[in-house]
Structures are given as structure tokens and as C-alpha cells.
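Peer 1: One structure coming up, written as C-alpha cells, with questions to follow.
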Amino acid sequence: MSTVDSKLAMGLQTPCYVYDLDLLDETLRRIRNELNKHANYHQHYAIKANTDPTVLRHIAAAGFGADCVSGGEIRAALAAGFAPSEISFAGVGKADWEIRLAIESDIECFNVESIAELEVINSIAQQMNATARVCFRINPDVGAHTHANITTGLAENKFGIAREDMQKVVRLAGEMSNVKCIGLHFHIGSQILDMTDFRELCQRVNELQDELDAAGIPTMSIINVGGGLGVDYDDPDDHPYADFTAFYDTIAQTLKLREGQQLITELGRAVVAQMGSLVTKVLYVKQGSVKQFVIVDAGMTDLIRPALYGARHRIENLGAEDTTESGDISARGTATYDVVGPICESSDVFATGITLPVAKRGDYIRICSAGAYGQTMASQYNTRPLPNVVCRQNN
């Protein structure tokens, strides 16, 4: 059941993200239970999904590592208590200052995505009289059954090093004085619900490791298969947790790790999506020539996923203090609406043609499953303030 109701909503300055820390902690416990089945499995939280400091502290306290894609995220991870030895730094465009920060912080490794980047890391490490540990992100050319904009493992994507260049870059790193190659990194996309995709990735990793063995290249100590596990956006209250058991079982049954190898996963969305709701208030109910619009005070500046990806979030009308004497909003009946925001863009739409309890000015609207890629992607377009945030915990 939702932890957000009209009574809670009335105490919020909307638009406002509400984070259920009890749900987050239970999610972390379930992931830990799966990791504990495998002595050599580790989870690095993909910080880009949600960078709220309170959320980060809870995840760090659970003993997870951090997957960062910017210098700012490295700083946020360190401030939240993540161990430097369990921080990896990925991304296709690492700036020089970010590389220096990562080396100074003595993070676990860089996930390198090009020869040009490898050369720069080696040069900067040499200037700093240091050795930088690197994993190579190899593009496995494995598709994922997800949105085209969040598929990352195909040959035409900008991410990673081409499979045919893998041996070349590994040997090149071995010739450099200030880098040490310790592993391989992969990531095929996000919001993946079909375990076949992860099975195909693991099979491809097996093939690539066999190629390295045949070439006489020493075994890597780390295999990082990334993240991408999806969540149920349609029915989040009844399915608040991703299928972590299926995810880790698929990896364990398919991936052939060498003796002593450590496995890293990088779940982000599956960790934080369901703990978050975006609460917004109805400004107007507008009757168009064909449609009815519920115009709310949140916009694409607060939650851009629907505009950016065509993403669907479950939307609920929580009503207001005076909904009915019993507080039962269903007594109003229902109507069909487009739920839209105030931003001066036609794409500022949260949902079209959805059925809700009849909406009135002052009602509170809950947009579910907004804990991932919501607050962290917010902007101040139209010179709007950033959304408020409230973290709640009962236990």
C-alpha cells in the first residue's frame, strides 16, 4: 500500500519528492541476502539514479559500493561514507580534474571506455607519481528489451570499447607505466525485465574470457556485469521490490567466473525507484474541446522521464482534506484526463487518457515509482525552483 496519503500530502510544499526509507532499507536487505549466497559477489550502487544525501548514507551504511559517472558523484559518494576502495568511475567523457580527483581519492578503479581515455589516465597518473587501476568497458553487442534511449550494449552505442579491440587495449595497458588492468566491465541498458538479456550478456562474457585465455592474457580479477534490472511501474504498491533472486540466479547459473574472480553488479533503479513518490497539487481542471486536463504544479523540470523517454508512471489522485466526510475519494466517481504540468513545452505531459477519481483544484496527485531518475535529473528551466524532498522513516 502507498505510504503517501492526502493527510501526509497536506503537510508538503509541492512539488515534493517523498522517500520511504523503510522501503529502501528492506530493498537493501533483500539485495544483501542475495549477495550473501555468493562469497565473491559485490554490489556497487549506481549513484546517478538518486543522489539525495540521506538516501546515499543509507546505501553506504548497508555496505555497498558506489558506481560513479562524474567527479561530483565521487565527492557525493565519499561524503556519504562509501569506502574509496569500493568506488568505480565510469563514463565516456572523464575530465582531467575528475581523473585527478579519482586518483587522489584512491578509488577502486576507472571503467575505461576508449584508448584515448586510457592514454590520458596513464599520463595524469604519471604526473601524480601514482598507479591507476582500470577495468575496460567492453561493448558486448548484446541488445536489451527496453527503450532505445536506455540501451547501451549495442555496437552502434557510444559506450565502451569494441569487442574486436579488447585484446589490443589490454595489451596496450600492460605496456604502460602508470595503469594496471584489473578487470572487464559491461552494461547493456536499463529497465530490463527479461532475464534472457542478462543470460545473453553472461554468455558473451564467457566467450570473451575464453578469447583472453586463448591469447595467453592473465585472468582479470574483476568481472563487472553492470546493472539494468527493471521494476514494476504499473503496480508498484503490490510489487515494491525488483526480482533480485531471478537476477542473481541468472548470473550465477550462466556466468563462468574463474577462480578468485570477483563479480560486481551496478543496480541503481532497482534499488531506489519504488521508494520514491512525487507529490504534486492540482492547479486547474481544464475542459478542452476534446480532452480534460489536470494541470498540476509539478512539471518536466521535476520529473523528466515521461517527456524524455515516454516513460509511464502510475498516477493516483489522493484527494484533499475535504474529499468526503469519510475521506473516501472513490465517492466522487471517475473521469478521463491528461495529466500535464505548467512548463511551456508541449512535451510537459505525465500521462494521457488515464482514469482517475474526479479531480478538483487543490487535490494532491501522487506520481509513483519516482525514486530513480527523478530528483537527480531535475532542472530549473523556466526559472523554476528545484522540487522539495522529504525522507520518511517509521521503523
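Note on naming: chains are A, B, ... as they come in the C-alpha cells, residues start from 1 per chain, ligands start from 1 in the order shown.
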Just the residues within 8 Å of Asn224 (chain A), please, counting only C-alpha atoms, with nothing from its chain fewer than 6 positions along; format it as JSON, numbers by chain.

Peer 2: {"A": [183, 184, 185, 186, 263, 264, 265, 266]}

Peer 1: When you count only C-alpha atoms, which of these residues is closest to Asp237 (chain A): A:Ile99, A:Cys368, A:Ala351, A:Val296?

Peer 2: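 Nearest candidate to Asp237 (chain A) out of A:Ile99, A:Cys368, A:Ala351, A:Val296: A:Cys368.
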
Peer 1: Kindly provide the residues of region 348-395 of chain A that approach region 52-73 of chain A to within 10 Å, each paired with its closest atom pair and their distance in Å to one decimal, based on only C-alpha atoms, listed by chain and increasing number, as a Markdown table.

Peer 2:
```
| residue | atom | partner | partner_atom | distance |
| --- | --- | --- | --- | --- |
| A:Gly371 | CA | A:Asp52 | CA | 9.9 |
| A:Gln375 | CA | A:Asp52 | CA | 8.0 |
| A:Thr376 | CA | A:Asp52 | CA | 7.7 |
| A:Val389 | CA | A:Asp52 | CA | 8.7 |
| A:Val390 | CA | A:Thr54 | CA | 9.9 |
| A:Cys391 | CA | A:Thr54 | CA | 7.6 |
```

Peer 1: List every residue of region 148-386 of chain A that DSSP, applied to the backbone, labels as strand (DSSP E), and write the result as a compact mmCIF listing (two decimals) with N, CA and C atoms, in the first residue's frame.

Peer 2:
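And here is the file that came out, out16.txt:
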```
# COMPACT_ATOMS: atom_id res chain seq x y z
N ILE A 161 34.34 -0.13 -25.45
CA ILE A 161 35.36 -0.47 -26.44
C ILE A 161 34.86 -1.65 -27.26
N ALA A 162 35.05 -1.59 -28.55
CA ALA A 162 34.57 -2.65 -29.44
C ALA A 162 35.20 -3.99 -29.06
N VAL A 179 49.33 2.54 -15.25
CA VAL A 179 48.00 1.94 -15.13
C VAL A 179 48.14 0.45 -14.92
N LYS A 180 47.16 -0.12 -14.23
CA LYS A 180 47.14 -1.56 -14.00
C LYS A 180 45.75 -2.06 -14.35
N CYS A 181 45.67 -2.97 -15.31
CA CYS A 181 44.38 -3.52 -15.74
C CYS A 181 43.96 -4.63 -14.77
N ILE A 182 42.77 -4.47 -14.17
CA ILE A 182 42.32 -5.46 -13.19
C ILE A 182 40.99 -6.12 -13.55
N GLY A 183 40.33 -5.67 -14.64
CA GLY A 183 39.04 -6.31 -14.91
C GLY A 183 38.37 -5.86 -16.18
N LEU A 184 37.20 -6.45 -16.41
CA LEU A 184 36.34 -6.13 -17.54
C LEU A 184 35.00 -5.65 -17.02
N HIS A 185 34.43 -4.69 -17.73
CA HIS A 185 33.17 -4.06 -17.32
C HIS A 185 32.19 -4.11 -18.50
N ILE A 222 38.49 -8.83 -11.70
CA ILE A 222 37.13 -8.32 -11.58
C ILE A 222 36.34 -8.51 -12.86
N ILE A 223 35.12 -9.01 -12.72
CA ILE A 223 34.15 -9.02 -13.82
C ILE A 223 32.95 -8.20 -13.34
N ASN A 224 32.67 -7.12 -14.04
CA ASN A 224 31.57 -6.22 -13.68
C ASN A 224 30.51 -6.31 -14.78
N VAL A 225 29.33 -6.86 -14.44
CA VAL A 225 28.28 -7.05 -15.44
C VAL A 225 27.25 -5.92 -15.43
N GLY A 226 27.54 -4.84 -14.70
CA GLY A 226 26.65 -3.69 -14.72
C GLY A 226 25.35 -3.94 -13.98
N GLN A 262 36.22 -11.72 -8.73
CA GLN A 262 35.15 -11.04 -8.00
C GLN A 262 34.13 -10.50 -9.00
N LEU A 263 32.85 -10.66 -8.68
CA LEU A 263 31.79 -10.17 -9.54
C LEU A 263 31.21 -8.89 -8.94
N ILE A 264 31.01 -7.87 -9.78
CA ILE A 264 30.37 -6.62 -9.37
C ILE A 264 29.11 -6.40 -10.19
N THR A 265 28.02 -6.04 -9.52
CA THR A 265 26.81 -5.58 -10.19
C THR A 265 26.60 -4.12 -9.83
N GLY A 276 10.29 6.05 -3.91
CA GLY A 276 10.02 7.47 -4.11
C GLY A 276 8.70 7.78 -4.78
N SER A 277 8.03 8.81 -4.31
CA SER A 277 6.82 9.35 -4.94
C SER A 277 7.02 10.84 -5.16
N LEU A 278 6.51 11.34 -6.27
CA LEU A 278 6.47 12.79 -6.48
C LEU A 278 5.05 13.25 -6.20
N VAL A 279 4.89 14.08 -5.19
CA VAL A 279 3.57 14.60 -4.82
C VAL A 279 3.42 15.99 -5.40
N THR A 280 2.32 16.21 -6.10
CA THR A 280 2.05 17.47 -6.76
C THR A 280 0.60 17.86 -6.52
N LYS A 281 0.28 19.11 -6.73
CA LYS A 281 -1.04 19.63 -6.40
C LYS A 281 -1.76 20.09 -7.66
N VAL A 282 -3.06 19.85 -7.72
CA VAL A 282 -3.87 20.26 -8.87
C VAL A 282 -4.07 21.76 -8.82
N LEU A 283 -3.63 22.43 -9.89
CA LEU A 283 -3.85 23.87 -10.02
C LEU A 283 -5.19 24.15 -10.68
N TYR A 284 -5.45 23.44 -11.77
CA TYR A 284 -6.68 23.66 -12.52
C TYR A 284 -7.14 22.35 -13.15
N VAL A 285 -8.43 22.24 -13.37
CA VAL A 285 -9.00 21.19 -14.21
C VAL A 285 -9.59 21.90 -15.42
N LYS A 286 -9.04 21.62 -16.58
CA LYS A 286 -9.37 22.36 -17.80
C LYS A 286 -10.12 21.47 -18.78
N GLN A 287 -11.25 21.94 -19.25
CA GLN A 287 -12.01 21.22 -20.26
C GLN A 287 -11.61 21.74 -21.63
N GLN A 292 -10.06 16.45 -21.25
CA GLN A 292 -9.96 17.15 -19.98
C GLN A 292 -8.52 17.06 -19.49
N PHE A 293 -8.04 18.18 -18.97
CA PHE A 293 -6.67 18.23 -18.49
C PHE A 293 -6.65 18.50 -16.99
N VAL A 294 -5.84 17.72 -16.29
CA VAL A 294 -5.49 18.03 -14.91
C VAL A 294 -4.13 18.71 -14.95
N ILE A 295 -4.11 19.99 -14.59
CA ILE A 295 -2.87 20.76 -14.63
C ILE A 295 -2.33 20.85 -13.21
N VAL A 296 -1.13 20.31 -13.02
CA VAL A 296 -0.54 20.21 -11.68
C VAL A 296 0.66 21.14 -11.56
N ILE A 315 -0.25 6.92 -11.61
CA ILE A 315 -0.65 8.21 -11.05
C ILE A 315 -1.92 8.01 -10.24
N GLU A 316 -1.95 8.57 -9.03
CA GLU A 316 -3.11 8.44 -8.15
C GLU A 316 -3.58 9.81 -7.71
N ASN A 317 -4.90 9.98 -7.61
CA ASN A 317 -5.47 11.18 -7.03
C ASN A 317 -5.73 10.90 -5.55
N LEU A 318 -5.02 11.58 -4.69
CA LEU A 318 -5.15 11.38 -3.25
C LEU A 318 -6.28 12.21 -2.66
N GLY A 319 -6.83 13.11 -3.46
CA GLY A 319 -7.87 13.98 -2.95
C GLY A 319 -7.29 15.08 -2.09
N THR A 334 -15.41 8.75 -11.40
CA THR A 334 -14.16 8.84 -12.15
C THR A 334 -14.33 9.64 -13.43
N ALA A 335 -13.21 10.05 -14.00
CA ALA A 335 -13.19 10.73 -15.29
C ALA A 335 -11.85 10.45 -15.95
N THR A 336 -11.78 10.76 -17.24
CA THR A 336 -10.55 10.52 -18.01
C THR A 336 -9.83 11.83 -18.24
N TYR A 337 -8.51 11.83 -17.97
CA TYR A 337 -7.73 13.05 -18.04
C TYR A 337 -6.38 12.83 -18.71
N ASP A 338 -5.83 13.93 -19.23
CA ASP A 338 -4.40 14.05 -19.46
C ASP A 338 -3.84 14.81 -18.26
N VAL A 339 -2.78 14.30 -17.65
CA VAL A 339 -2.16 14.97 -16.51
C VAL A 339 -0.92 15.69 -17.04
N VAL A 340 -0.93 17.01 -16.88
CA VAL A 340 0.12 17.83 -17.50
C VAL A 340 0.66 18.82 -16.49
N VAL A 349 4.06 16.49 -20.26
CA VAL A 349 2.88 15.65 -20.04
C VAL A 349 3.31 14.43 -19.22
N PHE A 350 2.61 14.17 -18.13
CA PHE A 350 2.91 13.00 -17.30
C PHE A 350 2.14 11.76 -17.74
N ALA A 351 0.93 11.94 -18.26
CA ALA A 351 0.13 10.81 -18.70
C ALA A 351 -1.01 11.31 -19.58
N THR A 352 -1.45 10.47 -20.51
CA THR A 352 -2.58 10.82 -21.37
C THR A 352 -3.66 9.76 -21.26
N GLY A 353 -4.91 10.24 -21.24
CA GLY A 353 -6.06 9.34 -21.27
C GLY A 353 -6.15 8.38 -20.11
N ILE A 354 -5.81 8.83 -18.90
CA ILE A 354 -5.88 7.92 -17.75
C ILE A 354 -7.14 8.21 -16.93
N THR A 355 -7.65 7.20 -16.28
CA THR A 355 -8.85 7.31 -15.45
C THR A 355 -8.45 7.56 -14.01
N LEU A 356 -9.01 8.61 -13.43
CA LEU A 356 -8.75 8.98 -12.04
C LEU A 356 -10.06 9.33 -11.35
N PRO A 357 -10.10 9.26 -10.03
CA PRO A 357 -11.23 9.88 -9.33
C PRO A 357 -11.35 11.33 -9.76
N TYR A 364 -4.36 16.49 -4.22
CA TYR A 364 -2.97 16.07 -4.28
C TYR A 364 -2.85 14.85 -5.19
N ILE A 365 -1.87 14.88 -6.05
CA ILE A 365 -1.61 13.81 -7.00
C ILE A 365 -0.30 13.13 -6.64
N ARG A 366 -0.32 11.81 -6.60
CA ARG A 366 0.89 11.04 -6.35
C ARG A 366 1.37 10.40 -7.65
N ILE A 367 2.60 10.70 -8.04
CA ILE A 367 3.24 10.04 -9.18
C ILE A 367 4.19 9.01 -8.59
```

Peer 1: Pick from A:Ala173, A:Ala95, A:Leu12, A:Leu208: nearest to Cys135 (chain A), with only C-alpha atoms counted?

Peer 2: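 Checking each candidate against Cys135 (chain A), we get A:Ala173 as the closest.
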
Peer 1: Calculate how many Å separate CA of Ala76 (chain A) from CA of His38 (chain A), rounding to one decimal.

Peer 2: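 Here the two named atoms are 28.6 Å from each other.
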
Peer 1: Which residue is closest to Glu345 (chain A)? Choose from A:Met176, A:Leu35, A:Ile217, A:Met300 and count only C-alpha atoms.

Peer 2: A:Met300

Peer 1: Please, what distance in Å, to one decimal, runs between CA of Ala370 (chain A) and CA of Ala83 (chain A)?

Peer 2: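 The value is 27.2 Å.
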
Peer 1: Using Å and a single decimal, report how far CA of Gln380 (chain A) sits from CA of Asp302 (chain A).

Peer 2: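 The value is 8.5 Å.
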
Peer 1: Please identify the alpha helix (DSSP H) residues within region 233-288 of chain A (assignment by DSSP from backbone atoms) and present them as a PyMOL selection string.

Peer 2: chain A and resi 244-254+269-272

Peer 1: Go ahead and write the residues just picked, all heavy atoms, as a short mmCIF file (atom, residue, chain, number, x, y, z; two decimals), in the first residue's frame.

Peer 2:
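What follows is the written file result_7.cif:
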```cif
data_model
loop_
_atom_site.label_atom_id
_atom_site.label_comp_id
_atom_site.auth_asym_id
_atom_site.auth_seq_id
_atom_site.Cartn_x
_atom_site.Cartn_y
_atom_site.Cartn_z
N PHE A 244 15.18 -9.56 -7.44
CA PHE A 244 16.62 -9.72 -7.22
C PHE A 244 17.05 -11.19 -7.28
O PHE A 244 18.14 -11.50 -7.75
CB PHE A 244 17.00 -9.13 -5.86
CG PHE A 244 16.67 -7.67 -5.73
CD1 PHE A 244 15.74 -7.23 -4.81
CD2 PHE A 244 17.30 -6.74 -6.55
CE1 PHE A 244 15.43 -5.88 -4.69
CE2 PHE A 244 17.00 -5.39 -6.44
CZ PHE A 244 16.05 -4.96 -5.51
N THR A 245 16.18 -12.09 -6.82
CA THR A 245 16.53 -13.50 -6.84
C THR A 245 16.75 -13.98 -8.27
O THR A 245 17.75 -14.65 -8.58
CB THR A 245 15.44 -14.34 -6.17
OG1 THR A 245 15.32 -13.94 -4.80
CG2 THR A 245 15.77 -15.82 -6.22
N ALA A 246 15.84 -13.64 -9.17
CA ALA A 246 15.97 -14.05 -10.58
C ALA A 246 17.23 -13.45 -11.20
O ALA A 246 17.94 -14.11 -11.97
CB ALA A 246 14.73 -13.65 -11.37
N PHE A 247 17.51 -12.20 -10.88
CA PHE A 247 18.67 -11.51 -11.44
C PHE A 247 19.97 -12.21 -11.04
O PHE A 247 20.79 -12.59 -11.90
CB PHE A 247 18.67 -10.06 -10.96
CG PHE A 247 19.88 -9.26 -11.37
CD1 PHE A 247 20.09 -8.90 -12.68
CD2 PHE A 247 20.80 -8.84 -10.40
CE1 PHE A 247 21.20 -8.13 -13.05
CE2 PHE A 247 21.91 -8.08 -10.75
CZ PHE A 247 22.11 -7.73 -12.08
N TYR A 248 20.15 -12.42 -9.75
CA TYR A 248 21.40 -13.02 -9.29
C TYR A 248 21.48 -14.51 -9.63
O TYR A 248 22.57 -15.03 -9.90
CB TYR A 248 21.61 -12.77 -7.80
CG TYR A 248 22.05 -11.36 -7.51
CD1 TYR A 248 21.16 -10.42 -6.96
CD2 TYR A 248 23.33 -10.93 -7.81
CE1 TYR A 248 21.57 -9.11 -6.71
CE2 TYR A 248 23.74 -9.63 -7.57
CZ TYR A 248 22.85 -8.72 -7.02
OH TYR A 248 23.25 -7.43 -6.79
N ASP A 249 20.35 -15.21 -9.62
CA ASP A 249 20.36 -16.62 -10.01
C ASP A 249 20.75 -16.77 -11.48
O ASP A 249 21.49 -17.69 -11.85
CB ASP A 249 18.99 -17.26 -9.78
CG ASP A 249 18.75 -17.60 -8.32
OD1 ASP A 249 19.69 -17.45 -7.51
OD2 ASP A 249 17.62 -18.02 -7.99
N THR A 250 20.26 -15.87 -12.33
CA THR A 250 20.62 -15.92 -13.75
C THR A 250 22.12 -15.76 -13.94
O THR A 250 22.75 -16.49 -14.73
CB THR A 250 19.87 -14.82 -14.53
OG1 THR A 250 18.46 -15.06 -14.44
CG2 THR A 250 20.28 -14.80 -16.00
N ILE A 251 22.70 -14.81 -13.23
CA ILE A 251 24.15 -14.61 -13.32
C ILE A 251 24.89 -15.84 -12.82
O ILE A 251 25.80 -16.35 -13.49
CB ILE A 251 24.56 -13.37 -12.51
CG1 ILE A 251 23.97 -12.11 -13.13
CG2 ILE A 251 26.09 -13.26 -12.42
CD1 ILE A 251 24.15 -10.86 -12.28
N ALA A 252 24.50 -16.35 -11.65
CA ALA A 252 25.21 -17.49 -11.06
C ALA A 252 25.13 -18.73 -11.93
O ALA A 252 26.08 -19.52 -12.01
CB ALA A 252 24.63 -17.78 -9.67
N GLN A 253 23.99 -18.92 -12.59
CA GLN A 253 23.79 -20.12 -13.41
C GLN A 253 24.46 -20.03 -14.77
O GLN A 253 24.69 -21.06 -15.41
CB GLN A 253 22.29 -20.36 -13.59
CG GLN A 253 21.56 -20.73 -12.31
CD GLN A 253 20.05 -20.59 -12.42
OE1 GLN A 253 19.51 -20.35 -13.51
NE2 GLN A 253 19.36 -20.71 -11.30
N THR A 254 24.77 -18.81 -15.22
CA THR A 254 25.27 -18.63 -16.59
C THR A 254 26.73 -18.21 -16.65
O THR A 254 27.49 -18.70 -17.49
CB THR A 254 24.41 -17.60 -17.34
OG1 THR A 254 23.02 -17.87 -17.15
CG2 THR A 254 24.72 -17.62 -18.83
N ARG A 269 18.35 1.83 -10.44
CA ARG A 269 16.90 1.96 -10.46
C ARG A 269 16.23 0.96 -9.52
O ARG A 269 15.31 1.29 -8.76
CB ARG A 269 16.39 1.75 -11.89
CG ARG A 269 14.88 1.86 -12.06
CD ARG A 269 14.44 1.26 -13.39
NE ARG A 269 15.29 1.69 -14.49
CZ ARG A 269 15.07 2.77 -15.23
NH1 ARG A 269 14.02 3.53 -14.98
NH2 ARG A 269 15.88 3.08 -16.22
N ALA A 270 16.68 -0.30 -9.59
CA ALA A 270 16.05 -1.36 -8.79
C ALA A 270 16.21 -1.13 -7.30
O ALA A 270 15.46 -1.68 -6.49
CB ALA A 270 16.63 -2.72 -9.18
N VAL A 271 17.18 -0.30 -6.92
CA VAL A 271 17.41 -0.01 -5.50
C VAL A 271 16.48 1.08 -5.00
O VAL A 271 15.95 1.00 -3.89
CB VAL A 271 18.89 0.40 -5.27
CG1 VAL A 271 19.14 0.74 -3.80
CG2 VAL A 271 19.84 -0.70 -5.75
N VAL A 272 16.25 2.12 -5.81
CA VAL A 272 15.60 3.32 -5.28
C VAL A 272 14.29 3.73 -5.94
O VAL A 272 13.57 4.59 -5.42
CB VAL A 272 16.57 4.53 -5.35
CG1 VAL A 272 17.77 4.31 -4.43
CG2 VAL A 272 17.03 4.80 -6.79
#
```

Peer 1: Point out the residue among A:Asp328, A:Glu86, A:Glu211, A:Glu200 with the least atom-to-atom distance to Phe110 (chain A), counting only C-alpha atoms.

Peer 2: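 Result for the nearest residue to Phe110 (chain A): A:Glu86.
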
Peer 1: Looking at only C-alpha atoms, which of A:Asn139, A:Ser330, A:Ser88, A:Asn50 is the one that sits closest to Val205 (chain A)?

Peer 2: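 For Val205 (chain A), the nearest of the given residues is A:Asn139.
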
Peer 1: List the neighbours of Asn394 (chain A) out to 10 Å using only C-alpha atoms; skip same-chain residues closer than 6 positions along the sequence, and give me the result as a PDB file with C-alpha atoms, in the first residue's frame.

Peer 2:
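This is the output file out_26.pdb:
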```pdb
ATOM      1  CA  ASP A  20      10.160   5.891   2.095  1.00  0.00           C
ATOM      2  CA  LEU A  21      13.361   4.925   3.897  1.00  0.00           C
ATOM      3  CA  ASP A  22      11.762   1.819   5.410  1.00  0.00           C
TER       4      ASP A  22
END
```
